[in-house]
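Structure file start.cif; described as mmCIF, C-alpha atoms and all ligand atoms.
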data_coords
#
loop_
_atom_site.label_atom_id
_atom_site.label_comp_id
_atom_site.auth_asym_id
_atom_site.auth_seq_id
_atom_site.Cartn_x
_atom_site.Cartn_y
_atom_site.Cartn_z
CA MET A 1265 -19.96 -179.12 -59.68
CA GLU A 1266 -19.02 -178.85 -56.01
CA SER A 1267 -21.33 -176.96 -53.73
CA PHE A 1268 -19.92 -173.86 -52.06
CA GLN A 1269 -19.70 -175.08 -48.49
CA ASP A 1270 -18.31 -178.44 -47.47
CA GLY A 1271 -20.73 -180.60 -45.59
CA GLU A 1272 -23.66 -178.27 -46.07
CA ARG A 1273 -25.89 -178.55 -49.08
CA LEU A 1274 -28.00 -175.48 -49.62
CA HIS A 1275 -30.75 -176.11 -52.09
CA LEU A 1276 -33.91 -174.45 -53.27
CA LEU A 1277 -35.80 -177.72 -53.24
CA VAL A 1278 -35.51 -177.91 -49.47
CA VAL A 1279 -38.93 -176.66 -48.43
CA ASP A 1280 -39.32 -174.89 -45.10
CA GLU A 1281 -41.25 -177.29 -42.89
CA ALA A 1282 -42.54 -174.39 -40.81
CA GLY A 1283 -45.22 -174.12 -43.48
CA ASP A 1284 -46.67 -177.44 -42.31
CA THR A 1285 -49.05 -176.04 -39.75
CA THR A 1286 -50.93 -179.25 -39.03
CA GLY A 1287 -47.94 -181.35 -38.06
CA ASN A 1288 -49.28 -184.23 -40.10
CA GLY A 1289 -47.81 -183.40 -43.44
CA THR A 1290 -50.71 -181.40 -44.86
CA TRP A 1291 -50.10 -177.87 -46.02
CA GLN A 1292 -52.63 -175.45 -44.68
CA GLU A 1293 -51.55 -171.86 -45.03
CA THR A 1294 -52.54 -170.44 -48.40
CA LYS A 1295 -50.03 -167.95 -49.77
CA ILE A 1296 -51.83 -167.14 -53.01
CA GLU A 1297 -55.47 -167.61 -53.88
CA VAL A 1298 -56.75 -167.20 -57.40
CA ARG A 1299 -60.50 -166.88 -57.85
CA ASP A 1300 -62.27 -166.98 -61.22
CA LEU A 1301 -59.34 -165.24 -62.89
CA THR A 1302 -60.38 -164.38 -66.42
CA LYS A 1303 -58.64 -162.55 -69.22
CA VAL A 1304 -60.06 -161.72 -72.62
CA SER A 1305 -57.78 -160.19 -75.28
CA ASP A 1306 -58.55 -156.87 -76.96
CA LYS A 1307 -59.86 -158.89 -79.89
CA GLY A 1308 -62.28 -160.80 -77.69
CA VAL A 1309 -60.30 -164.05 -77.43
CA VAL A 1310 -60.59 -165.74 -74.04
CA ILE A 1311 -57.03 -166.30 -72.73
CA LEU A 1312 -57.88 -167.29 -69.16
CA SER A 1313 -61.30 -168.57 -68.23
CA LYS A 1314 -62.25 -168.65 -64.54
CA VAL A 1315 -58.99 -170.02 -63.19
CA ASN A 1316 -59.21 -171.11 -59.55
CA VAL A 1317 -56.20 -172.29 -57.58
CA ASP A 1318 -54.90 -172.16 -54.00
CA ILE A 1319 -51.12 -172.07 -53.72
CA PRO A 1320 -50.04 -173.08 -50.22
CA LYS A 1321 -47.05 -171.54 -48.50
CA GLY A 1322 -43.81 -173.44 -48.93
CA VAL A 1323 -44.66 -175.64 -51.88
CA ILE A 1324 -43.15 -175.90 -55.32
CA MET A 1325 -45.90 -176.01 -57.93
CA GLY A 1326 -45.62 -176.50 -61.66
CA ILE A 1327 -48.05 -175.16 -64.23
CA ILE A 1328 -48.09 -177.23 -67.35
CA GLY A 1329 -49.95 -176.60 -70.60
CA PRO A 1330 -49.54 -176.36 -74.34
CA SER A 1331 -47.84 -173.38 -75.95
CA GLY A 1332 -50.22 -170.42 -75.98
CA SER A 1333 -52.52 -171.87 -73.31
CA GLY A 1334 -52.01 -168.95 -70.92
CA LYS A 1335 -49.32 -170.02 -68.44
CA SER A 1336 -47.30 -166.80 -68.70
CA THR A 1337 -50.44 -164.69 -68.70
CA PHE A 1338 -51.52 -166.40 -65.49
CA LEU A 1339 -48.14 -165.86 -63.80
CA ARG A 1340 -47.98 -162.23 -64.86
CA ALA A 1341 -51.25 -161.60 -63.05
CA LEU A 1342 -49.68 -162.74 -59.78
CA ASN A 1343 -47.40 -159.73 -59.51
CA ARG A 1344 -49.47 -157.33 -61.56
CA LEU A 1345 -47.43 -157.33 -64.75
CA TRP A 1346 -50.96 -157.26 -66.04
CA GLU A 1347 -53.63 -155.94 -63.76
CA PRO A 1348 -56.04 -158.73 -62.81
CA PRO A 1349 -59.67 -157.86 -62.10
CA ARG A 1350 -60.36 -156.98 -58.47
CA ALA A 1351 -60.96 -159.87 -56.08
CA SER A 1352 -59.31 -162.42 -58.33
CA VAL A 1353 -55.78 -162.68 -56.90
CA PHE A 1354 -55.03 -162.62 -53.17
CA LEU A 1355 -51.61 -162.61 -51.51
CA ASP A 1356 -51.79 -163.60 -47.84
CA ALA A 1357 -55.57 -163.13 -48.09
CA VAL A 1358 -55.27 -159.52 -49.32
CA ASP A 1359 -56.47 -158.55 -52.80
CA ILE A 1360 -53.25 -157.67 -54.67
CA CYS A 1361 -55.10 -154.77 -56.33
CA ASP A 1362 -55.22 -153.16 -52.87
CA LEU A 1363 -51.48 -153.53 -52.32
CA ASP A 1364 -48.73 -151.19 -53.40
CA VAL A 1365 -47.58 -152.51 -56.77
CA LEU A 1366 -43.87 -152.23 -55.99
CA GLY A 1367 -44.47 -153.96 -52.68
CA VAL A 1368 -46.18 -156.84 -54.49
CA ARG A 1369 -43.26 -157.16 -56.90
CA ARG A 1370 -40.77 -157.19 -54.05
CA LYS A 1371 -42.64 -160.03 -52.41
CA VAL A 1372 -43.33 -161.93 -55.61
CA GLY A 1373 -40.09 -162.54 -57.52
CA MET A 1374 -40.35 -163.28 -61.22
CA LEU A 1375 -37.70 -164.94 -63.35
CA PHE A 1376 -37.99 -164.87 -67.11
CA GLN A 1377 -36.82 -167.41 -69.64
CA LEU A 1378 -34.25 -165.11 -71.21
CA PRO A 1379 -31.95 -163.79 -68.50
CA ALA A 1380 -30.69 -160.22 -68.77
CA ILE A 1381 -27.39 -159.86 -66.94
CA PHE A 1382 -26.44 -156.30 -66.01
CA GLU A 1383 -23.01 -154.77 -66.62
CA GLY A 1384 -20.32 -155.69 -64.11
CA THR A 1385 -19.61 -158.94 -62.37
CA VAL A 1386 -21.93 -161.69 -61.24
CA ALA A 1387 -21.42 -160.41 -57.67
CA ASP A 1388 -22.47 -156.90 -58.78
CA ASN A 1389 -25.64 -158.39 -60.25
CA ILE A 1390 -26.50 -160.20 -57.03
CA ARG A 1391 -25.81 -157.11 -54.93
CA TYR A 1392 -27.89 -154.86 -57.16
CA GLY A 1393 -31.36 -155.30 -55.62
CA PRO A 1394 -30.34 -155.21 -51.95
CA GLN A 1395 -28.19 -152.13 -52.70
CA LEU A 1396 -31.27 -150.31 -54.00
CA ARG A 1397 -32.76 -150.86 -50.56
CA GLY A 1398 -29.59 -149.61 -48.86
CA LYS A 1399 -28.33 -153.08 -47.90
CA LYS A 1400 -24.79 -154.12 -48.74
CA LEU A 1401 -24.36 -157.87 -49.16
CA SER A 1402 -21.10 -159.29 -47.81
CA ASP A 1403 -19.00 -161.59 -49.97
CA ASN A 1404 -20.31 -164.51 -47.93
CA ASP A 1405 -23.90 -163.46 -48.61
CA VAL A 1406 -23.12 -163.42 -52.33
CA TYR A 1407 -21.56 -166.91 -52.12
CA LYS A 1408 -24.67 -168.12 -50.32
CA PHE A 1409 -26.97 -166.92 -53.11
CA LEU A 1410 -24.62 -168.39 -55.73
CA ALA A 1411 -24.77 -171.74 -53.94
CA LEU A 1412 -28.57 -171.61 -53.82
CA ALA A 1413 -28.54 -171.33 -57.60
CA ASP A 1414 -25.99 -174.16 -57.83
CA LEU A 1415 -23.16 -171.88 -58.92
CA ASP A 1416 -19.75 -172.31 -57.30
CA SER A 1417 -17.55 -169.51 -56.02
CA SER A 1418 -15.63 -169.23 -59.31
CA PHE A 1419 -18.59 -167.30 -60.75
CA PHE A 1420 -18.24 -164.41 -58.28
CA ASN A 1421 -16.05 -162.25 -60.55
CA LYS A 1422 -17.28 -163.38 -63.97
CA SER A 1423 -19.04 -161.00 -66.31
CA GLY A 1424 -22.25 -161.76 -68.19
CA GLY A 1425 -20.34 -162.40 -71.41
CA GLU A 1426 -18.50 -165.32 -69.84
CA LEU A 1427 -21.67 -167.24 -68.97
CA SER A 1428 -23.62 -169.90 -70.84
CA VAL A 1429 -27.37 -169.28 -71.10
CA GLY A 1430 -28.03 -171.81 -68.35
CA GLN A 1431 -25.45 -170.19 -66.09
CA ALA A 1432 -26.93 -166.75 -66.82
CA GLN A 1433 -30.35 -168.14 -65.82
CA ARG A 1434 -28.84 -169.28 -62.54
CA VAL A 1435 -27.30 -165.84 -61.95
CA ALA A 1436 -30.71 -164.30 -62.61
CA LEU A 1437 -32.15 -166.75 -60.09
CA ALA A 1438 -29.51 -165.83 -57.48
CA ARG A 1439 -30.21 -162.14 -58.16
CA THR A 1440 -33.94 -162.66 -57.64
CA LEU A 1441 -33.35 -164.60 -54.41
CA ALA A 1442 -31.09 -161.82 -53.14
CA ASN A 1443 -34.17 -159.60 -53.15
CA GLU A 1444 -35.64 -162.01 -50.59
CA PRO A 1445 -39.03 -162.43 -52.23
CA GLU A 1446 -41.68 -164.42 -50.38
CA VAL A 1447 -42.72 -166.11 -53.60
CA THR A 1448 -40.63 -166.80 -56.70
CA TYR A 1449 -41.94 -167.60 -60.17
CA ARG A 1450 -39.94 -168.99 -62.95
CA VAL A 1451 -41.62 -168.30 -66.24
CA ASN A 1452 -41.31 -170.66 -69.16
CA PHE A 1453 -38.06 -172.40 -68.54
CA GLY A 1454 -37.88 -174.97 -71.24
CA THR A 1455 -35.07 -177.27 -72.16
CA THR A 1456 -32.27 -174.82 -71.45
CA TYR A 1457 -31.73 -176.02 -67.88
N1 LIG B 1501 -50.67 -158.98 -75.39
C1 LIG B 1501 -51.42 -159.93 -75.95
N2 LIG B 1501 -52.47 -159.59 -76.72
C2 LIG B 1501 -53.25 -160.52 -77.26
N3 LIG B 1501 -53.07 -161.84 -77.09
C3 LIG B 1501 -52.05 -162.22 -76.34
C4 LIG B 1501 -51.17 -161.30 -75.72
N4 LIG B 1501 -50.24 -161.99 -75.03
C5 LIG B 1501 -50.53 -163.28 -75.20
N5 LIG B 1501 -51.62 -163.42 -75.98
C6 LIG B 1501 -52.25 -164.66 -76.37
O1 LIG B 1501 -52.65 -165.26 -75.16
C7 LIG B 1501 -52.47 -166.66 -75.22
C8 LIG B 1501 -51.69 -167.09 -74.00
O2 LIG B 1501 -50.35 -166.61 -74.08
P1 LIG B 1501 -49.27 -167.00 -73.00
O3 LIG B 1501 -48.05 -166.22 -73.33
O4 LIG B 1501 -49.87 -166.79 -71.65
O5 LIG B 1501 -49.11 -168.54 -73.29
P2 LIG B 1501 -48.12 -169.62 -72.65
O6 LIG B 1501 -48.98 -170.73 -72.11
O7 LIG B 1501 -47.19 -168.97 -71.70
O8 LIG B 1501 -47.34 -170.15 -73.92
P3 LIG B 1501 -45.82 -170.64 -74.09
O9 LIG B 1501 -45.77 -172.03 -73.50
O10 LIG B 1501 -45.64 -170.67 -75.57
O11 LIG B 1501 -44.92 -169.67 -73.41
C9 LIG B 1501 -51.76 -166.96 -76.54
O12 LIG B 1501 -52.68 -167.55 -77.41
C10 LIG B 1501 -51.29 -165.62 -77.04
O13 LIG B 1501 -51.41 -165.52 -78.43
MG MG B 1502 -45.17 -168.63 -71.75
#

Write-out of the structure in structure tokens:
Amino acid sequence: MESFQDGERLHLLVVDEAGDTTGNGTWQETKIEVRDLTKVSDKGVVILSKVNVDIPKGVIMGIIGPSGSGKSTFLRALNRLWEPPRASVFLDAVDICDLDVLGVRRKVGMLFQLPAIFEGTVADNIRYGPQLRGKKLSDNDVYKFLALADLDSSFFNKSGGELSVGQAQRVALARTLANEPEVTYRVNFGTTY
């Protein structure tokens, strides 16, 4: 597949080097801190037990574990799809329980394994979030987000029904990026990609 713009390769895996605050290749600024995050199910089963992790700004991090080990549960806590205990998840050093929940979700984008494509074209889907905030994306903006998700310009006018599952996942990714989150999670992508 050709990328959208000749000579310029936009790609998600290009990490913004501005995050390297030391100048010697070490990443300093912590975007998300998780401290002793614990979750016990209603039936008393421990799902997460004192999880501690610092996620620096500008890195791509994978969370790997067996099925049922708590990966999705962990990620859901990071944008309050379940409410973590106070003082266990911090975004930019602020307890996310003290932040406006919609504000957290705007900053922390979440992509699910099964993409749900809205009615209309791919371009309509990508424009949806910004439009809710009163921002109209130009055609070029839409092409830019398509390219970031490795979709060429032919997808602009397609409808959801014309997409493979992998392509629909990429549209969902482009749609999430169009909301300009500060952090993006991709939950449980398996072999589909
Ligand atoms: N709402 C719930 N109530 C009770 N138990 C739950 C609930 N949701 C998940 N669990 C349990 O919590 C554990 C962790 O689930 P989770 O979905 O976080 O796992 P996972 O690591 O994402 O697994 P997979 O790789 O299969 O997606 C599982 O054992 C599951 O049975
Ligand atoms: Mg999961």

Rank A:Val1310, A:Val1429, A:Leu1345, A:Leu1415 by their smallest atom-to-atom distance to Leu1366 (chain A), using all atoms listed in the file, and report the top residue only.
-> A:Leu1345

Choose the residue, out of A:Leu1355, A:Pro1330, A:Gly1424, A:Ile1360, that has the smallest atom-to-atom separation from Asp1388 (chain A); count only C-alpha atoms.
-> A:Gly1424

Would you kindly return, as a ChimeraX atom specification, each protein, DNA or RNA residue with an atom no farther than 8 Å from any atom of region 1295-1307 of chain A, considering all atoms listed in the file and excluding same-chain residues fewer than 3 positions away?
-> /A:1310-1321,1348-1349,1351-1357

Dump C-alpha atoms for the selected residues as a compact mmCIF listing (two decimals), in the coordinates of the input?
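For reference, selection-v2.txt as written:
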# COMPACT_ATOMS: atom_id res chain seq x y z
CA VAL A 1310 -60.59 -165.74 -74.04
CA ILE A 1311 -57.03 -166.30 -72.73
CA LEU A 1312 -57.88 -167.29 -69.16
CA SER A 1313 -61.30 -168.57 -68.23
CA LYS A 1314 -62.25 -168.65 -64.54
CA VAL A 1315 -58.99 -170.02 -63.19
CA ASN A 1316 -59.21 -171.11 -59.55
CA VAL A 1317 -56.20 -172.29 -57.58
CA ASP A 1318 -54.90 -172.16 -54.00
CA ILE A 1319 -51.12 -172.07 -53.72
CA PRO A 1320 -50.04 -173.08 -50.22
CA LYS A 1321 -47.05 -171.54 -48.50
CA PRO A 1348 -56.04 -158.73 -62.81
CA PRO A 1349 -59.67 -157.86 -62.10
CA ALA A 1351 -60.96 -159.87 -56.08
CA SER A 1352 -59.31 -162.42 -58.33
CA VAL A 1353 -55.78 -162.68 -56.90
CA PHE A 1354 -55.03 -162.62 -53.17
CA LEU A 1355 -51.61 -162.61 -51.51
CA ASP A 1356 -51.79 -163.60 -47.84
CA ALA A 1357 -55.57 -163.13 -48.09

Hey, can you check how far atom C4 of ligand LIG 1501 (chain B) sits from CA of Trp1346 (chain A)?
-> 10.5 Å

Within 7 Å of ligand LIG 1501 (chain B), which residues of chain A show up? Give each one with its shortest atom-to-atom distance in Å (one decimal) and the two atoms involved, counting all atoms listed in the file, rows by chain then rising residue number, as CSV.
residue,atom,partner,partner_atom,distance
A:Ser1305,CA,B:LIG1501,C2,5.0
A:Asp1306,CA,B:LIG1501,C2,6.4
A:Ile1311,CA,B:LIG1501,O1,5.1
A:Gly1329,CA,B:LIG1501,O6,6.1
A:Pro1330,CA,B:LIG1501,O9,5.8
A:Ser1331,CA,B:LIG1501,O9,3.5
A:Gly1332,CA,B:LIG1501,O5,3.5
A:Ser1333,CA,B:LIG1501,O6,3.9
A:Gly1334,CA,B:LIG1501,O4,3.1
A:Lys1335,CA,B:LIG1501,O6,3.8
A:Ser1336,CA,B:LIG1501,O7,3.7
A:Thr1337,CA,B:LIG1501,O4,3.7
A:Phe1338,CA,B:LIG1501,O4,6.4
A:Asn1452,CA,B:LIG1501,O11,5.7

note - CA of Gly1373 (chain A) and CA of Thr1440 (chain A) are separated by 6.2 Å

Record the distance separating CA of Thr1294 (chain A) and CA of Ala1413 (chain A), expressed in Å with one decimal.
->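 It comes out at 25.7 Å.
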
Residue with smallest distance to ligand MG 1502 (chain B) - pool A:Leu1339, A:Val1365, A:Ile1324, A:Met1374, counting all atoms listed in the file =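 Among A:Leu1339, A:Val1365, A:Ile1324, A:Met1374, it is A:Leu1339 that comes nearest to ligand MG 1502 (chain B).
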